[in-house]
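> Take this structure first; my questions come after.
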Amino acid sequence: MLQHQGSGLQDKQLIKNFSYINGSWHSSESNLAVTNPATGETITEVGNAGVAETKLAIKAAKGAFKMWAAKSANERAGLMKKWFDLLMQHQDDLARILTLEQGKPLAEAKGEIAYGAAFIEWFAEEGKRIYGDTIPAPSGDKRIIVIKQPVGVVASITPWNFPNAMIARKAAAALSAGCTFVVRPATQTPLSALAMAELAERAGIPAGVFNVVVGDDARGMGEILTQHPDVAKFTFTGSTAVGKSLISQCATSVKKVSMELGGNAPFIVFNDADIDAAVQGAVMSKYRNAGQTCVCTNRIFVQREVVAEFTEKFTTAVAALNLGDGLVDGITIGPMISSDAVNGVDALVKDAVAAGANIVLGGQRDSAGETFYQPTILTGVSNDMAIASHEIFGPVSPIISFETEEEVIAMANDTEYGLAAYFYARDIGLIWRVAEQLEYGMVGINEGAISNAAAPFGGVKQSGNGREGSKYGLDDYLEIKYLCMGGLGK
Ligand code: NAP
């Protein structure tokens with residue numbers, strides 16, 4: 001076992017240093033350091049697995065598939081419920097591990113553990129409702145029956161911004177459908193994934209059903225996960241650029257694919273909105289996880305009459321955020337994932353200022369450390385500036401004022417992305433018109449927190465395809481089989 005420092009955990013066995021394949025922990029020839037983005041300190045080292053271990057994990061998942069698929073939905077649900085219970089029993093430790101490797105404030109990390117676990121609980125139940133169909137046949141001597149079956153081995157690659165929940169959302173649906181699962185978590189955040197594997201094992205999830213392969217050879221491991229003949233489905237959460245190349249890799253063996261990719265969420269405040277509620281929703285949807293979520297507000301559009309009031313109240317609320325190490329009490333916004341990420345955000349802010357935007361708040365790196373960027377608000381932004389057309393993925397709010405409903409819908413939709421959108425208004429006619437015209441997979445109406453296990457999460461346009469969560473989320477892990485029963489005439 002490798003050394004780990006200062007974890008402060010009640011259950012130290014939750015820190016795992018090896019990939020989890022076929023129910024056992026696999027050491028590798030070299031190691032990867034996992035660092036705390038708030039301090040730059042090494043938390044621990046993890047074995048650096050690669051292509052060979054990825055193939056082993058797929059073999060394990062293939063070997064376990066028939067056994068897992070043959071279990072009744074009730075049996076699978078029982079094991080998944082035990083997994084859920086253990087995740088919630090260890091919520092504090094899991095949150096601490098998550099904050100250590102990812103940076104978000106501890107309270108937010110606890111929220112992510114509960115959010116991720118909720119998918120496991122919800123899909124454990126939903127797996128009992130995988131119904132088929134009977135269809136009236138065109139001739140009397142035939143019957144048409146439709147059954148649904150698990151697709152097989154599911155392979156996945158997940159990002160660092162939700163090290164627990166992005167895995168839980170996929171694994172929950174896959175396992176409840178009867179599929180087995182291999183995940184390669186982001187290199188920066190493997191510990192949350194490995195802790196989930198430890199608890200899956202304690203819950204009695206059989207060997208080979210849930211496998212975690214950790215390694216920094218993203219490209220090499222990705223090629224195996226997307227092209228191996230024994231993988232039936234590939235699911236990815238991450239950037240649109242990487243997602244596009246993974247889709248084309250999957251094409252070589254025509255895999256079922258689902259993609260949760262980047263976003264450029266508009267947040268629209270109309271003249272008749274409840275401004276205080278809009279401010280609260282904007283802070284939540286923008287600054288959670290230091291602005292590093294795919295559904296984060298990216299552009300704030302405010303109608304002319306209320307732009308001064310909104311900007312003033314929003315600035316007061318954002319100025320009250322407390323930036324620092326997420327493990328420290330009272331911190332409400334943590335570091336960004338890396339100094340490179342800070343550089344990217346800073347470049348976008350500088351570009352906007354050079355193009356005529358004004359800094360109302362922040363606008364620079366913070367003295368707390370090289371991964372810290374101050375919560376920032378810009379006014380005088382236009383929709384064609386880079387800060388509006390790029391996914392910012394950091395704690396910066398560009399405010400753009402508008403005059404009419406038509407104008408703001410055109411600006412909101414003027415992007416290749418289509419994940420989440422938000423708007424605040426009271427006029428019921430306007431609410432329906434805007435909700436129907438926004439080209440987004442999810443729309444928050446007078447609401448800044450939209451995601452939960454019961455609702456379908458996913459995007460349109462270049463934000464991806466497929467849905468996670470809800471009854472629709474199961475379809476991605478199921479094949480429809482049509483049984484044509486003939487010879488029934490006299
Ligand atoms: P990223 O660069 O696409 O990385 C995501 C994952 O892909 C990581 O595990 C990464 O591994 C891996 N990866 C990178 N290059 C690869 C390659 N050539 N082949 C195979 N795997 C590869 O994305 P990110 O910057 O970490 O994450 C942020 C992005 O994810 C944002 O665009 C955000 O909007 C999106 N996101 C979307 C959702 C959603 O549900 N729609 C949710 C969260 C995040 P390494 O860690 O080794 O680089």
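A note on labels: chains of the structure tokens are A, B, ... as shown, every chain counts residues from 1, and ligands are counted from 1 in their shown order.
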Dump the neighbourhood of ligand 1 as number ranges by chain: all residues within 8 Å, distances computed on only C-alpha atoms and all ligand atoms.
A: 157-162, 166, 184-189, 215-223, 236-243, 245-246, 259-263, 292-295, 391, 393, 419, 457-459, 463-464
> Save the residues we just selected, N, CA and C atoms, as a compact mmCIF listing (two decimals), in the first residue's frame?

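Written out: out17.txt:
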```
# COMPACT_ATOMS: atom_id res chain seq x y z
N ILE A 157 -15.77 7.01 -19.95
CA ILE A 157 -14.69 7.94 -19.55
C ILE A 157 -15.38 9.14 -18.92
N THR A 158 -14.88 9.57 -17.76
CA THR A 158 -15.57 10.63 -17.03
C THR A 158 -14.59 11.78 -16.68
N PRO A 159 -15.13 12.96 -16.41
CA PRO A 159 -14.28 14.14 -16.15
C PRO A 159 -14.01 14.37 -14.67
N TRP A 160 -13.20 15.38 -14.38
CA TRP A 160 -12.77 15.68 -13.01
C TRP A 160 -13.74 16.58 -12.25
N ASN A 161 -14.70 17.19 -12.94
CA ASN A 161 -15.48 18.22 -12.22
C ASN A 161 -16.52 17.64 -11.26
N PHE A 162 -17.01 16.42 -11.55
CA PHE A 162 -17.87 15.70 -10.61
C PHE A 162 -17.32 14.27 -10.50
N MET A 166 -20.54 11.87 -11.86
CA MET A 166 -20.56 11.55 -13.29
C MET A 166 -20.42 10.04 -13.50
N ARG A 184 -13.04 4.63 -16.82
CA ARG A 184 -11.73 5.26 -16.68
C ARG A 184 -11.99 6.69 -16.20
N PRO A 185 -11.75 6.95 -14.90
CA PRO A 185 -11.99 8.31 -14.40
C PRO A 185 -10.90 9.27 -14.86
N ALA A 186 -11.16 10.56 -14.72
CA ALA A 186 -10.16 11.57 -15.08
C ALA A 186 -8.89 11.35 -14.25
N THR A 187 -7.75 11.62 -14.86
CA THR A 187 -6.46 11.38 -14.20
C THR A 187 -6.34 12.20 -12.91
N GLN A 188 -6.92 13.41 -12.91
CA GLN A 188 -6.75 14.27 -11.73
C GLN A 188 -7.58 13.82 -10.52
N THR A 189 -8.64 13.03 -10.76
CA THR A 189 -9.56 12.69 -9.66
C THR A 189 -9.91 11.20 -9.61
N GLY A 215 -5.44 5.59 -15.05
CA GLY A 215 -4.16 5.74 -15.75
C GLY A 215 -4.15 7.02 -16.55
N ASP A 216 -2.94 7.52 -16.83
CA ASP A 216 -2.88 8.82 -17.52
C ASP A 216 -2.76 8.69 -19.04
N ASP A 217 -2.82 7.46 -19.56
CA ASP A 217 -2.77 7.30 -21.03
C ASP A 217 -4.19 7.42 -21.59
N ALA A 218 -4.71 8.66 -21.55
CA ALA A 218 -6.11 8.87 -21.94
C ALA A 218 -6.36 8.36 -23.36
N ARG A 219 -5.45 8.68 -24.26
CA ARG A 219 -5.66 8.33 -25.66
C ARG A 219 -5.64 6.81 -25.85
N GLY A 220 -4.60 6.16 -25.31
CA GLY A 220 -4.44 4.72 -25.50
C GLY A 220 -5.59 3.94 -24.86
N MET A 221 -5.92 4.30 -23.63
CA MET A 221 -7.01 3.60 -22.94
C MET A 221 -8.34 3.92 -23.63
N GLY A 222 -8.47 5.16 -24.08
CA GLY A 222 -9.69 5.56 -24.79
C GLY A 222 -9.89 4.76 -26.07
N GLU A 223 -8.79 4.48 -26.76
CA GLU A 223 -8.93 3.69 -28.00
C GLU A 223 -9.46 2.30 -27.71
N PHE A 236 -19.65 8.85 -22.50
CA PHE A 236 -18.59 9.82 -22.18
C PHE A 236 -19.20 11.08 -21.60
N THR A 237 -18.54 11.64 -20.59
CA THR A 237 -18.83 13.00 -20.16
C THR A 237 -17.53 13.77 -20.22
N GLY A 238 -17.55 14.89 -20.90
CA GLY A 238 -16.34 15.69 -21.03
C GLY A 238 -16.53 16.76 -22.09
N SER A 239 -15.43 17.21 -22.66
CA SER A 239 -15.51 18.33 -23.60
C SER A 239 -16.02 17.87 -24.96
N THR A 240 -16.59 18.81 -25.69
CA THR A 240 -17.12 18.50 -27.02
C THR A 240 -15.99 18.06 -27.95
N ALA A 241 -14.83 18.69 -27.84
CA ALA A 241 -13.73 18.35 -28.76
C ALA A 241 -13.31 16.89 -28.59
N VAL A 242 -13.12 16.45 -27.34
CA VAL A 242 -12.73 15.05 -27.12
C VAL A 242 -13.90 14.13 -27.49
N GLY A 243 -15.10 14.53 -27.13
CA GLY A 243 -16.28 13.71 -27.45
C GLY A 243 -16.40 13.42 -28.93
N SER A 245 -14.01 13.16 -31.15
CA SER A 245 -13.06 12.15 -31.64
C SER A 245 -13.44 10.77 -31.09
N LEU A 246 -14.02 10.72 -29.89
CA LEU A 246 -14.43 9.41 -29.35
C LEU A 246 -15.62 8.84 -30.13
N MET A 259 -23.28 10.77 -25.17
CA MET A 259 -22.30 11.83 -24.96
C MET A 259 -22.92 12.95 -24.14
N GLU A 260 -22.27 13.28 -23.03
CA GLU A 260 -22.65 14.47 -22.25
C GLU A 260 -21.50 15.44 -22.40
N LEU A 261 -21.68 16.47 -23.22
CA LEU A 261 -20.54 17.31 -23.61
C LEU A 261 -20.67 18.73 -23.05
N GLY A 262 -19.98 19.65 -23.66
CA GLY A 262 -19.90 21.00 -23.12
C GLY A 262 -21.19 21.80 -23.28
N GLY A 263 -21.23 22.97 -22.66
CA GLY A 263 -22.40 23.84 -22.74
C GLY A 263 -22.02 25.31 -22.83
N GLN A 292 -17.20 25.55 -12.78
CA GLN A 292 -16.70 24.45 -13.62
C GLN A 292 -17.73 23.32 -13.73
N THR A 293 -18.94 23.65 -14.14
CA THR A 293 -19.90 22.59 -14.46
C THR A 293 -20.41 22.83 -15.88
N CYS A 294 -20.83 21.74 -16.50
CA CYS A 294 -21.29 21.85 -17.89
C CYS A 294 -22.59 22.64 -17.99
N VAL A 295 -23.37 22.69 -16.88
CA VAL A 295 -24.63 23.44 -16.91
C VAL A 295 -24.48 24.83 -16.29
N GLU A 391 -17.08 28.27 -23.87
CA GLU A 391 -17.47 27.75 -22.56
C GLU A 391 -16.41 28.27 -21.57
N PHE A 393 -16.05 27.99 -18.20
CA PHE A 393 -15.63 26.98 -17.23
C PHE A 393 -14.81 27.58 -16.09
N LEU A 419 -27.00 22.60 -24.08
CA LEU A 419 -27.19 21.77 -22.89
C LEU A 419 -28.27 22.39 -21.98
N PHE A 457 -31.33 14.31 -17.97
CA PHE A 457 -30.21 15.26 -18.12
C PHE A 457 -29.53 14.99 -19.45
N GLY A 458 -29.37 16.04 -20.26
CA GLY A 458 -28.65 15.85 -21.52
C GLY A 458 -28.87 17.02 -22.45
N GLY A 459 -28.13 17.02 -23.55
CA GLY A 459 -28.14 18.17 -24.43
C GLY A 459 -28.54 17.87 -25.85
N SER A 463 -23.85 19.63 -27.75
CA SER A 463 -23.73 19.29 -26.33
C SER A 463 -23.95 17.80 -26.09
N GLY A 464 -24.23 17.05 -27.15
CA GLY A 464 -24.26 15.60 -26.98
C GLY A 464 -25.56 14.95 -27.35
```
> Could you name the residues that touch A:Ala38 at 9 Å or less, counting only C-alpha atoms, but leaving out those on the same chain fewer than 2 positions away, as a VMD selection string?
chain A and resid 35 to 36 40 to 41 100 to 103 324 to 326 334 to 338 368 to 372
> Could you please take those selected residues and save N, CA and C atoms as a CSV table (one decimal), in the first residue's frame?

```csv
chain,number,residue,atom,x,y,z
A,35,THR,N,-3.0,15.2,-6.6
A,35,THR,CA,-2.6,16.4,-5.9
A,35,THR,C,-3.9,17.2,-5.5
A,36,ASN,N,-3.8,17.9,-4.4
A,36,ASN,CA,-4.8,18.8,-3.9
A,36,ASN,C,-4.7,20.1,-4.7
A,40,GLY,N,-1.6,22.3,-3.9
A,40,GLY,CA,-0.5,21.7,-4.8
A,40,GLY,C,0.1,20.5,-4.1
A,41,GLU,N,-0.3,20.1,-2.9
A,41,GLU,CA,0.3,19.0,-2.2
A,41,GLU,C,-0.1,17.7,-2.8
A,100,LEU,N,-10.5,17.0,-1.4
A,100,LEU,CA,-9.0,16.9,-1.4
A,100,LEU,C,-8.6,16.9,-2.9
A,101,GLU,N,-9.2,16.0,-3.7
A,101,GLU,CA,-8.7,15.9,-5.0
A,101,GLU,C,-9.2,16.8,-6.1
A,102,GLN,N,-10.4,17.4,-5.8
A,102,GLN,CA,-11.1,18.2,-6.8
A,102,GLN,C,-11.1,19.7,-6.4
A,103,GLY,N,-11.3,20.0,-5.1
A,103,GLY,CA,-11.2,21.4,-4.6
A,103,GLY,C,-12.5,22.0,-4.2
A,324,GLY,N,-11.5,30.2,-1.1
A,324,GLY,CA,-10.4,29.6,-0.4
A,324,GLY,C,-10.4,28.1,-0.5
A,325,ASP,N,-9.6,27.5,0.4
A,325,ASP,CA,-9.4,26.0,0.4
A,325,ASP,C,-10.8,25.4,0.8
A,326,GLY,N,-11.3,24.5,0.0
A,326,GLY,CA,-12.6,24.0,0.3
A,326,GLY,C,-12.8,23.2,1.6
A,334,GLY,N,-14.2,27.4,-4.1
A,334,GLY,CA,-12.9,26.8,-4.0
A,334,GLY,C,-12.0,27.2,-5.2
A,335,PRO,N,-10.9,26.5,-5.3
A,335,PRO,CA,-9.9,26.7,-6.4
A,335,PRO,C,-10.5,26.2,-7.7
A,336,MET,N,-9.8,26.6,-8.8
A,336,MET,CA,-10.1,25.9,-10.1
A,336,MET,C,-9.2,24.7,-10.1
A,337,ILE,N,-9.4,23.8,-11.1
A,337,ILE,CA,-8.7,22.5,-11.1
A,337,ILE,C,-7.2,22.6,-11.3
A,338,SER,N,-6.8,23.7,-12.0
A,338,SER,CA,-5.3,23.8,-12.3
A,338,SER,C,-5.0,25.2,-12.6
A,368,ALA,N,-4.7,33.8,-3.0
A,368,ALA,CA,-4.8,32.5,-2.2
A,368,ALA,C,-3.9,31.5,-2.8
A,369,GLY,N,-3.6,31.6,-4.1
A,369,GLY,CA,-2.7,30.6,-4.7
A,369,GLY,C,-2.9,30.6,-6.2
A,370,GLU,N,-2.1,29.8,-6.9
A,370,GLU,CA,-2.1,29.9,-8.4
A,370,GLU,C,-3.3,29.2,-9.1
A,371,THR,N,-4.1,28.5,-8.3
A,371,THR,CA,-5.3,27.9,-8.9
A,371,THR,C,-6.6,28.7,-8.5
A,372,PHE,N,-6.4,29.9,-7.9
A,372,PHE,CA,-7.5,30.7,-7.4
A,372,PHE,C,-7.8,31.9,-8.4
```
> Give me the stretch 197-236 of chain A side of the contact with stretch 7-27 of chain A, cut-off 6 Å, one line per residue showing its nearest atom pair and distance in Å at one decimal, counting only C-alpha atoms, sorted by chain and residue number, as CSV.

```
residue,atom,partner,partner_atom,distance
A:Ala207,CA,A:Gly23,CA,4.1
A:Gly208,CA,A:Asn22,CA,4.0
A:Asn211,CA,A:Ile21,CA,5.0
A:Val212,CA,A:Tyr20,CA,5.0
A:Val213,CA,A:Ser19,CA,4.9
A:Val214,CA,A:Ser19,CA,5.6
```
> Could you write those residues out with N, CA, C and O atoms, as a PDB file, in the first residue's frame?

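Result file part.pdb:
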```
ATOM      1  N   ALA A 207     -17.839  -9.526  -8.445  1.00  0.00           N
ATOM      2  CA  ALA A 207     -16.609  -9.212  -9.183  1.00  0.00           C
ATOM      3  C   ALA A 207     -16.914  -9.083 -10.676  1.00  0.00           C
ATOM      4  O   ALA A 207     -17.677  -9.869 -11.238  1.00  0.00           O
ATOM      5  N   GLY A 208     -16.301  -8.078 -11.307  1.00  0.00           N
ATOM      6  CA  GLY A 208     -16.442  -7.892 -12.751  1.00  0.00           C
ATOM      7  C   GLY A 208     -17.595  -7.000 -13.169  1.00  0.00           C
ATOM      8  O   GLY A 208     -17.659  -6.542 -14.301  1.00  0.00           O
ATOM      9  N   ASN A 211     -15.945  -1.970 -12.640  1.00  0.00           N
ATOM     10  CA  ASN A 211     -14.478  -1.958 -12.708  1.00  0.00           C
ATOM     11  C   ASN A 211     -13.996  -0.523 -12.907  1.00  0.00           C
ATOM     12  O   ASN A 211     -14.601   0.242 -13.674  1.00  0.00           O
ATOM     13  N   VAL A 212     -12.889  -0.181 -12.241  1.00  0.00           N
ATOM     14  CA  VAL A 212     -12.320   1.168 -12.369  1.00  0.00           C
ATOM     15  C   VAL A 212     -10.854   1.036 -12.792  1.00  0.00           C
ATOM     16  O   VAL A 212     -10.064   0.397 -12.092  1.00  0.00           O
ATOM     17  N   VAL A 213     -10.514   1.636 -13.934  1.00  0.00           N
ATOM     18  CA  VAL A 213      -9.125   1.588 -14.404  1.00  0.00           C
ATOM     19  C   VAL A 213      -8.566   3.000 -14.406  1.00  0.00           C
ATOM     20  O   VAL A 213      -9.058   3.882 -15.110  1.00  0.00           O
ATOM     21  N   VAL A 214      -7.525   3.203 -13.600  1.00  0.00           N
ATOM     22  CA  VAL A 214      -6.929   4.540 -13.458  1.00  0.00           C
ATOM     23  C   VAL A 214      -5.606   4.585 -14.203  1.00  0.00           C
ATOM     24  O   VAL A 214      -4.744   3.724 -13.999  1.00  0.00           O
TER      25      VAL A 214
END
```
> I want to know what sits within 7 Å of stretch 109-119 of chain A, based on only C-alpha atoms, with residues of the same chain fewer than 3 positions away left out; could you give that as a compact mmCIF listing (two decimals) with N, CA and C atoms, in the first residue's frame?

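Result file follows (out22.txt):
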```txt
# COMPACT_ATOMS: atom_id res chain seq x y z
N PHE A 84 -25.92 2.06 -2.22
CA PHE A 84 -26.43 3.40 -1.89
C PHE A 84 -26.29 3.68 -0.39
N LEU A 87 -22.71 4.32 0.55
CA LEU A 87 -22.25 5.64 0.07
C LEU A 87 -22.75 6.74 1.00
N MET A 88 -24.00 6.63 1.43
CA MET A 88 -24.55 7.66 2.32
C MET A 88 -23.97 7.55 3.73
N GLN A 91 -20.75 9.34 3.67
CA GLN A 91 -20.85 10.61 2.94
C GLN A 91 -19.74 11.60 3.36
N ASP A 92 -19.48 11.70 4.66
CA ASP A 92 -18.49 12.68 5.12
C ASP A 92 -17.09 12.35 4.60
N LEU A 94 -16.34 10.41 2.00
CA LEU A 94 -16.30 10.51 0.53
C LEU A 94 -16.21 11.97 0.09
N ALA A 95 -16.91 12.84 0.83
CA ALA A 95 -16.87 14.27 0.50
C ALA A 95 -15.47 14.83 0.74
N LEU A 98 -13.26 13.83 -2.01
CA LEU A 98 -13.62 14.59 -3.21
C LEU A 98 -13.04 16.01 -3.15
N THR A 99 -13.19 16.66 -2.00
CA THR A 99 -12.65 18.02 -1.86
C THR A 99 -11.13 18.01 -1.97
N LYS A 104 -13.65 21.48 -4.60
CA LYS A 104 -14.91 22.18 -4.27
C LYS A 104 -15.11 22.20 -2.75
N PRO A 105 -15.83 23.21 -2.23
CA PRO A 105 -16.05 23.30 -0.78
C PRO A 105 -16.72 22.03 -0.25
N LEU A 106 -16.38 21.69 0.97
CA LEU A 106 -16.84 20.44 1.58
C LEU A 106 -18.38 20.28 1.52
N TRP A 122 -32.31 5.50 -7.15
CA TRP A 122 -33.44 5.69 -8.06
C TRP A 122 -33.46 4.60 -9.15
N PHE A 123 -32.28 4.33 -9.73
CA PHE A 123 -32.24 3.32 -10.80
C PHE A 123 -32.40 1.90 -10.27
N ASN A 164 -17.43 11.89 -8.46
CA ASN A 164 -18.33 10.82 -8.02
C ASN A 164 -19.56 10.75 -8.91
N ALA A 165 -20.25 11.88 -9.05
CA ALA A 165 -21.59 11.84 -9.64
C ALA A 165 -21.60 11.48 -11.12
N ALA A 168 -21.50 7.78 -11.01
CA ALA A 168 -22.73 7.22 -10.43
C ALA A 168 -23.89 7.30 -11.42
N ARG A 169 -24.01 8.43 -12.13
CA ARG A 169 -25.13 8.60 -13.07
C ARG A 169 -25.13 7.54 -14.15
N ALA A 172 -25.25 3.67 -12.40
CA ALA A 172 -26.56 3.34 -11.82
C ALA A 172 -27.49 2.80 -12.90
N ALA A 453 -32.10 12.92 -10.01
CA ALA A 453 -32.14 11.57 -10.58
C ALA A 453 -33.41 11.30 -11.37
N GLY A 469 -30.25 9.83 -16.05
CA GLY A 469 -31.32 10.08 -15.09
C GLY A 469 -32.66 9.85 -15.76
```
